[in-house]
There are 4 protein chains.
Amino acid sequence: MNFASDNHYGASAQILAALAGIGQSPQAAYGDDDVTKRVKALFCEIFEREVAVFPVINGTTANALALATLVPPHGAVLCHAEAHIAVDECGAPEFFTHGAKLVPIEGDGAKLTVAALTAALAHFQKGFVHHAQPAAISLTQATELGTVYTPAEISAISAVARANDMKLHMDGARFANALVGLGCTPAELTWKCGVDVLSFGATKNGALAAEAVIFFMPKDARDFEYRRKKSGHLLSKMRFVSAQLEAYLADGHWLDNARRANLLAQRLAQGLAQVRHIEIAHPVSANAVFARMPSELAARLRRGGAKFYDWGAPSDGQVLARLMLSFATPEEDVARLIETARAG
Amino acid sequence: MNFASDNHYGASAQILAALAGIGQSPQAAYGDDDVTKRVKALFCEIFEREVAVFPVINGTTANALALATLVPPHGAVLCHAEAHIAVDECGAPEFFTHGAKLVPIEGDGAKLTVAALTAALAHFQKGFVHHAQPAAISLTQATELGTVYTPAEISAISAVARANDMKLHMDGARFANALVGLGCTPAELTWKCGVDVLSFGATKNGALAAEAVIFFMPKDARDFEYRRKKSGHLLSKMRFVSAQLEAYLADGHWLDNARRANLLAQRLAQGLAQVRHIEIAHPVSANAVFARMPSELAARLRRGGAKFYDWGAPSDGQVLARLMLSFATPEEDVARLIETARAG
Amino acid sequence: MNFASDNHYGASAQILAALAGIGQSPQAAYGDDDVTKRVKALFCEIFEREVAVFPVINGTTANALALATLVPPHGAVLCHAEAHIAVDECGAPEFFTHGAKLVPIEGDGAKLTVAALTAALAHFQKGFVHHAQPAAISLTQATELGTVYTPAEISAISAVARANDMKLHMDGARFANALVGLGCTPAELTWKCGVDVLSFGATKNGALAAEAVIFFMPKDARDFEYRRKKSGHLLSKMRFVSAQLEAYLADGHWLDNARRANLLAQRLAQGLAQVRHIEIAHPVSANAVFARMPSELAARLRRGGAKFYDWGAPSDGQVLARLMLSFATPEEDVARLIETARAG
Amino acid sequence: MNFASDNHYGASAQILAALAGIGQSPQAAYGDDDVTKRVKALFCEIFEREVAVFPVINGTTANALALATLVPPHGAVLCHAEAHIAVDECGAPEFFTHGAKLVPIEGDGAKLTVAALTAALAHFQKGFVHHAQPAAISLTQATELGTVYTPAEISAISAVARANDMKLHMDGARFANALVGLGCTPAELTWKCGVDVLSFGATKNGALAAEAVIFFMPKDARDFEYRRKKSGHLLSKMRFVSAQLEAYLADGHWLDNARRANLLAQRLAQGLAQVRHIEIAHPVSANAVFARMPSELAARLRRGGAKFYDWGAPSDGQVLARLMLSFATPEEDVARLIETARAG
């Protein structure tokens, strides 16, 4: 019963088969291969416009390279205080941007609001050489708490970005889960509501190690390729990353995987919500369930074989358990966890 | 007939099978998995001592992280002027080290000599705050020109490093080819002759994207893990990199692959050496053949379907063709290239 | 009537005379001169122990170099959200540390507390490679709001630092003002209560451009000299910086200057406190007065010739005026400002 | 008899008087003061065009900031192998540029030639992501060996820069000496022959700590101000730097100082050239004399009280003595050195 992280699961059969299909025959290196070309075309199709596409191996890299391309060393990135870029990347954005500043902002459900962004921006004076210069807003979709931003919310945040000459970045490590949860199109959830650059995740949703940085205005990509090379993220056999993305996007595989994970999350949340002493802490809009429960109940679940993380320290004898569902979580694990909880 | 690069070939069947074997079942993320543990043990066995092992995805990253761990921002790295780190990594070592200086040194066959190193070191005054401080020597094994360093040569270079409080790094993108070419053990070719840290390559010799940084004194590894994380090179599903390394090392697969490539290189060199107007420019000690030939002969080979790079600009109507052999180069391609050359 | 900043005033006659006294005769460059040696000895005397001393030209540099020496690129620095290093240095600490993270912490009077530090530290897991690693606490003495830390308060913060293997940095841009305000010795206010490194300010209190970084454990200084050189802060004619410090420390000049500024601050605060509608917002412990007043009153003061900054945006028709006093503020300016305020 | 460096001498009386003249009265900080404004206007006048002017404290900083403004982290700077930026700045250009690469090029008299630059550029493929991208050429005027570039030579180098989309930087730590030596105008020696940015030196020629970065196309300066602030080089009391520059430029003081130093260099060279066993190694075009002499003669000069550096290691019993003349070298020291040499 592994609910610790969606990145604990391996890779889907379709994606592994795609790798095997490449075999050992030669192709041009460093992304000048046919698979990578096809993947780029696929993304243009999916997003319904010309986009600049750069495959990379993971989300930290996608985020850090995207931000470094848009934010100068004297810049600042506004993000939620719980954002992965702020908390879980050991300063990768600072490294790639050569020292830009991340400005952590509080907000319910790990979500940025226009009000909170506006208040934060009031501390920075534009063109004042002593202040880091706000250059980007970064939001996570779905968020670290399994909530989502609606297109309308993103549009409103985008308006703040525009008004302050900032770019809007979306950390989409769980973009598919958000998309499926919201029921809109990739275009509606990104450039149509003002997103400039997307870290498009695949690893957590079925790939081995594959994400893509998508610039919706290709000229924004500027010197991305040099940054990717310099940071060791231009692979010689790039087609093995691209092949993961191709299989991921083919036949709606990515959406199927996300739908499955989201559905299990709904089922788990509904089951747990009916257990005495358990409270679901955040709206379940993607593939994460946050359940507040007594410490002893959490301990019992673990004794019963469940793996999951506590979110923050216990408080008043309660823990906030984070339960992640993935494309490959066995259905019976969900049923068994609910049962174990009930059996208290 | 692809002789352009050993990194143009895909991945071996054994290595692809290892990935498929992992499947989708869950495991701890970020390298705390069983495969990664087994690989670390394997490397200790192969090198006959306790070593610190860090899987990464490619050689640029292995080199840059190894150097950044050993060289401070005010340090200098002495290397050959044709070294991959100096020429082909777009400044990755400078990025990872936060600005250390690479000192390019000339030498025949892309090899460093004690004399050349000593002459270069004379330009730096130890403890003189105006000078970058030499902190490491980096040599490539096999070199960019397909030559190799003998253990005795490495020992002599290591003595220079020791005498100047410097560390010795080996870029082993083609370590297996050198090993097989020299007929010695991994230990004899590294720590027994004074190598401190090795970029152990697998990608060019059959893997998709897998190398390992090996510190022979584990305490030298210091803050390597933070640097790997910050640069986006700690993969969540690390076992997919480790599995490549495990399959690579199993049953002598790595040595078989290298032996095959080296053998084809010998065969190609011998065949071409007998063609009028072709001269083999460097000793063929690994899997590269450098053949000097008239430009029109090179053009004819290309018209015949051969892919390869010229090394440097043409001079006096001659080009220096670099012909790379790999674990997967078809034998018939070698025969056909020789035949095409002869048919002039 | 310039109350805008203590750095708006020029340099004291004693300090300017010291520069003139050096003249044009030759001396060894880069700090190997007699003046610099004397200054180092003076600091050892003043702090009653062997200290490592490095003259620099300003506070931003002193702070950034001190932190970069103690904090690795994957480290974090805990500081107040209003700290100069966090707000007013355009990311200099991030630049010099190669990307370390500043963690802004809220607290009354621009002061850090043990409780707030402990709460912030709870978000970082030691040795967890995904988290930046807290490596230093930085406090400002006197603070950006003109308040001060008592030795007891510093000791308590130092205990937090020790318990978490962190170093304690003091930004002493206004160290003399704090010292005079608290009436203790330099030793009592620094290493005796656990400060590891001090940015010792002189510029705001009478020098042209001179500060010193003081390490109380000389071995902590490690590679400071290389960092200072690489960042362009090792001056060839260093004795012109050292001479400022020598004159500053001679005959209690630094304490006299600070006493004068603090006394004027007391006088101004007492005068304004008696004006209707004016409220003194923070304890006046050094050379700053923060006075909350109606916007129209502030406007009137400005029309009367007073220069000062508002601290933050107006709120409810009130502004928070920051009034800085310096070693050279004319006494009559203080009297005139109070009078102008009263004349409303 | 100090011939060790022109930076060993102090500051001229005129420049020290200018500092005293500023006194303690208040002015706007960070360069928004009247002196700085006047200095900017002066530079426009002297260079006969609108230029962007940024005072800084020394040459390392001027060079590093100028290059960082023009060269991206993945860029390369071509310079002579003996250039100060390559040899004597402990990697400052690499630090400020965030890791750009300096490409050292050999050439007689520490001078770059079109042929050598062209040969070096042949190693870099434009737009090839694996190669650092040449972005600037840096030449030193006068050079580290006391030679100078004529306007015609600079024009030719500038044409190479233009043809390769590179910028041309001039390290003018001894710009005044070169100017006086060549007898041309500041405009003729810079933008009229294609220089884009100049590190304008004053420290070695009479100031305490003052240089200026001059961009001849003001828009090239881009984010210079943020870089200066982030690196700690924006002084609060900037007018004390500007005042040095103002006095330096007033009434031809800078040219008088340089003329004096150059004249003494001529006199010294002529005197030594007539001494048996002494050979003048490079044309004496500025304020440096390089004299090859037997080691025992050099030792005798030192015993006689002369201070100077050997340039490189002794060879065949000969040393290459570098003898620097300054605005303040006593005339009698020159006479005495010649006499001491003759007395052998």
# chains A, B, ... in the order shown; residues from 1 in each chain; ligands from 1
>>> interface_residues(of="chain D", to="chain B", cutoff="10 Å", atoms="only C-alpha atoms", output="PyMOL selection string")
chain D and resi 73-76+84+86-104+122-124+128-133+312-313
>>> select_by_dssp(residues="region 96-147 of chain C", states="strand (DSSP E or B)", output="list in words")
Lys101, Leu102, Val103, Pro104, Ile105, Gln133, Pro134, Ala135, Ala136, Ile137, Ser138, Leu139 and Thr140 of chain C
>>> write_last_selection(atoms="all heavy atoms", output="compact mmCIF listing (two decimals), in the first residue's frame")
# COMPACT_ATOMS: atom_id res chain seq x y z
N LYS C 101 20.00 30.50 -0.06
CA LYS C 101 18.64 31.00 0.08
C LYS C 101 18.54 31.85 1.35
O LYS C 101 19.03 31.44 2.40
CB LYS C 101 17.73 29.78 0.22
CG LYS C 101 16.27 30.01 -0.05
CD LYS C 101 15.49 28.71 0.15
CE LYS C 101 15.45 27.83 -1.06
NZ LYS C 101 14.59 28.34 -2.15
N LEU C 102 17.92 33.03 1.23
CA LEU C 102 17.63 33.82 2.42
C LEU C 102 16.22 33.50 2.87
O LEU C 102 15.29 33.53 2.06
CB LEU C 102 17.78 35.32 2.12
CG LEU C 102 19.18 35.87 2.42
CD1 LEU C 102 20.22 35.24 1.51
CD2 LEU C 102 19.22 37.37 2.29
N VAL C 103 16.07 33.20 4.15
CA VAL C 103 14.75 32.84 4.68
C VAL C 103 14.26 34.01 5.52
O VAL C 103 14.78 34.25 6.61
CB VAL C 103 14.85 31.57 5.54
CG1 VAL C 103 13.49 31.20 6.10
CG2 VAL C 103 15.44 30.43 4.72
N PRO C 104 13.28 34.75 5.00
CA PRO C 104 12.81 35.95 5.72
C PRO C 104 11.86 35.56 6.85
O PRO C 104 10.92 34.79 6.65
CB PRO C 104 12.07 36.73 4.65
CG PRO C 104 11.64 35.70 3.64
CD PRO C 104 12.57 34.54 3.73
N ILE C 105 12.08 36.12 8.03
CA ILE C 105 11.31 35.79 9.23
C ILE C 105 10.71 37.07 9.80
O ILE C 105 11.42 38.07 9.95
CB ILE C 105 12.22 35.09 10.26
CG1 ILE C 105 12.72 33.76 9.66
CG2 ILE C 105 11.51 34.87 11.58
CD1 ILE C 105 13.72 33.04 10.53
N GLN C 133 20.02 23.86 3.29
CA GLN C 133 20.46 23.53 4.64
C GLN C 133 20.79 24.81 5.42
O GLN C 133 21.75 25.51 5.08
CB GLN C 133 21.69 22.63 4.58
CG GLN C 133 21.42 21.29 3.90
CD GLN C 133 20.53 20.38 4.74
OE1 GLN C 133 20.85 20.09 5.88
NE2 GLN C 133 19.40 19.97 4.19
N PRO C 134 20.01 25.10 6.47
CA PRO C 134 20.29 26.30 7.26
C PRO C 134 21.72 26.30 7.76
O PRO C 134 22.16 25.35 8.41
CB PRO C 134 19.28 26.19 8.41
CG PRO C 134 18.14 25.41 7.82
CD PRO C 134 18.81 24.39 6.93
N ALA C 135 22.44 27.35 7.45
CA ALA C 135 23.87 27.40 7.78
C ALA C 135 24.25 28.63 8.57
O ALA C 135 25.31 28.66 9.18
CB ALA C 135 24.69 27.35 6.49
N ALA C 136 23.39 29.63 8.56
CA ALA C 136 23.71 30.84 9.34
C ALA C 136 22.44 31.58 9.72
O ALA C 136 21.42 31.50 9.04
CB ALA C 136 24.62 31.78 8.54
N ILE C 137 22.54 32.28 10.85
CA ILE C 137 21.53 33.26 11.24
C ILE C 137 22.21 34.62 11.13
O ILE C 137 23.37 34.78 11.52
CB ILE C 137 21.06 33.03 12.70
CG1 ILE C 137 20.38 31.65 12.83
CG2 ILE C 137 20.13 34.16 13.15
CD1 ILE C 137 20.05 31.26 14.27
N SER C 138 21.50 35.58 10.57
CA SER C 138 22.04 36.94 10.47
C SER C 138 21.13 37.91 11.20
O SER C 138 19.92 37.94 10.93
CB SER C 138 22.16 37.34 9.00
OG SER C 138 22.60 38.69 8.90
N LEU C 139 21.70 38.65 12.11
CA LEU C 139 20.89 39.69 12.77
C LEU C 139 21.55 41.03 12.56
O LEU C 139 22.76 41.13 12.36
CB LEU C 139 20.69 39.38 14.26
CG LEU C 139 21.89 39.07 15.15
CD1 LEU C 139 22.56 40.36 15.59
CD2 LEU C 139 21.41 38.31 16.38
N THR C 140 20.75 42.09 12.61
CA THR C 140 21.24 43.45 12.35
C THR C 140 21.27 44.21 13.66
O THR C 140 20.30 44.20 14.42
CB THR C 140 20.29 44.16 11.36
OG1 THR C 140 20.02 43.29 10.28
CG2 THR C 140 20.94 45.42 10.83
>>> residues_around(residues="Thr69 (chain A)", least_positions_apart="5", cutoff="9 Å", atoms="only C-alpha atoms", output="list in words")
Ala64, Phe96, Thr97, Asp220, Ala221, Arg222, Asp223, Phe224 and Arg227 of chain A
>>> closest_residue(among="B:Glu144, B:Glu246, B:Asp196, B:Glu106", to="Val284 (chain B)", atoms="only C-alpha atoms")
B:Glu144
>>> residues_around(residues="region 43-49 of chain D", least_positions_apart="3", cutoff="10 Å", atoms="only C-alpha atoms", output="list in words")
Arg38, Val39, Lys40, Ala52, Val53, Thr185, Pro186, Ala187, Glu188, Leu189, Thr190, Trp191, Lys192, Ala212, Ile214, Phe216, Met217, Leu245, Glu246 and Leu249 of chain D
>>> write_last_selection(atoms="C-alpha atoms", output="PDB file, in the first residue's frame")
ATOM      1  CA  ARG D  38      29.472  66.525 -13.361  1.00  0.00           C
ATOM      2  CA  VAL D  39      31.857  63.627 -13.917  1.00  0.00           C
ATOM      3  CA  LYS D  40      29.472  62.005 -16.347  1.00  0.00           C
ATOM      4  CA  ALA D  52      27.266  55.848 -20.280  1.00  0.00           C
ATOM      5  CA  VAL D  53      29.608  56.279 -17.303  1.00  0.00           C
ATOM      6  CA  THR D 185      42.667  61.821 -28.644  1.00  0.00           C
ATOM      7  CA  PRO D 186      40.543  59.695 -26.312  1.00  0.00           C
ATOM      8  CA  ALA D 187      37.923  59.357 -29.060  1.00  0.00           C
ATOM      9  CA  GLU D 188      40.489  58.292 -31.647  1.00  0.00           C
ATOM     10  CA  LEU D 189      41.784  55.603 -29.340  1.00  0.00           C
ATOM     11  CA  THR D 190      38.390  54.157 -28.470  1.00  0.00           C
ATOM     12  CA  TRP D 191      35.051  54.362 -30.253  1.00  0.00           C
ATOM     13  CA  LYS D 192      36.511  55.825 -33.441  1.00  0.00           C
ATOM     14  CA  ALA D 212      35.107  54.305 -14.671  1.00  0.00           C
ATOM     15  CA  ILE D 214      32.528  53.787 -20.195  1.00  0.00           C
ATOM     16  CA  PHE D 216      30.248  54.153 -25.988  1.00  0.00           C
ATOM     17  CA  MET D 217      26.799  52.964 -26.964  1.00  0.00           C
ATOM     18  CA  LEU D 245      37.693  61.268 -11.199  1.00  0.00           C
ATOM     19  CA  GLU D 246      36.733  64.910 -11.417  1.00  0.00           C
ATOM     20  CA  LEU D 249      40.275  64.903 -15.394  1.00  0.00           C
TER      21      LEU D 249
END
>>> closest_residue(among="B:Ala142, B:Leu78, B:Leu235, B:Leu272", to="Asn164 (chain B)", atoms="only C-alpha atoms")
B:Leu78
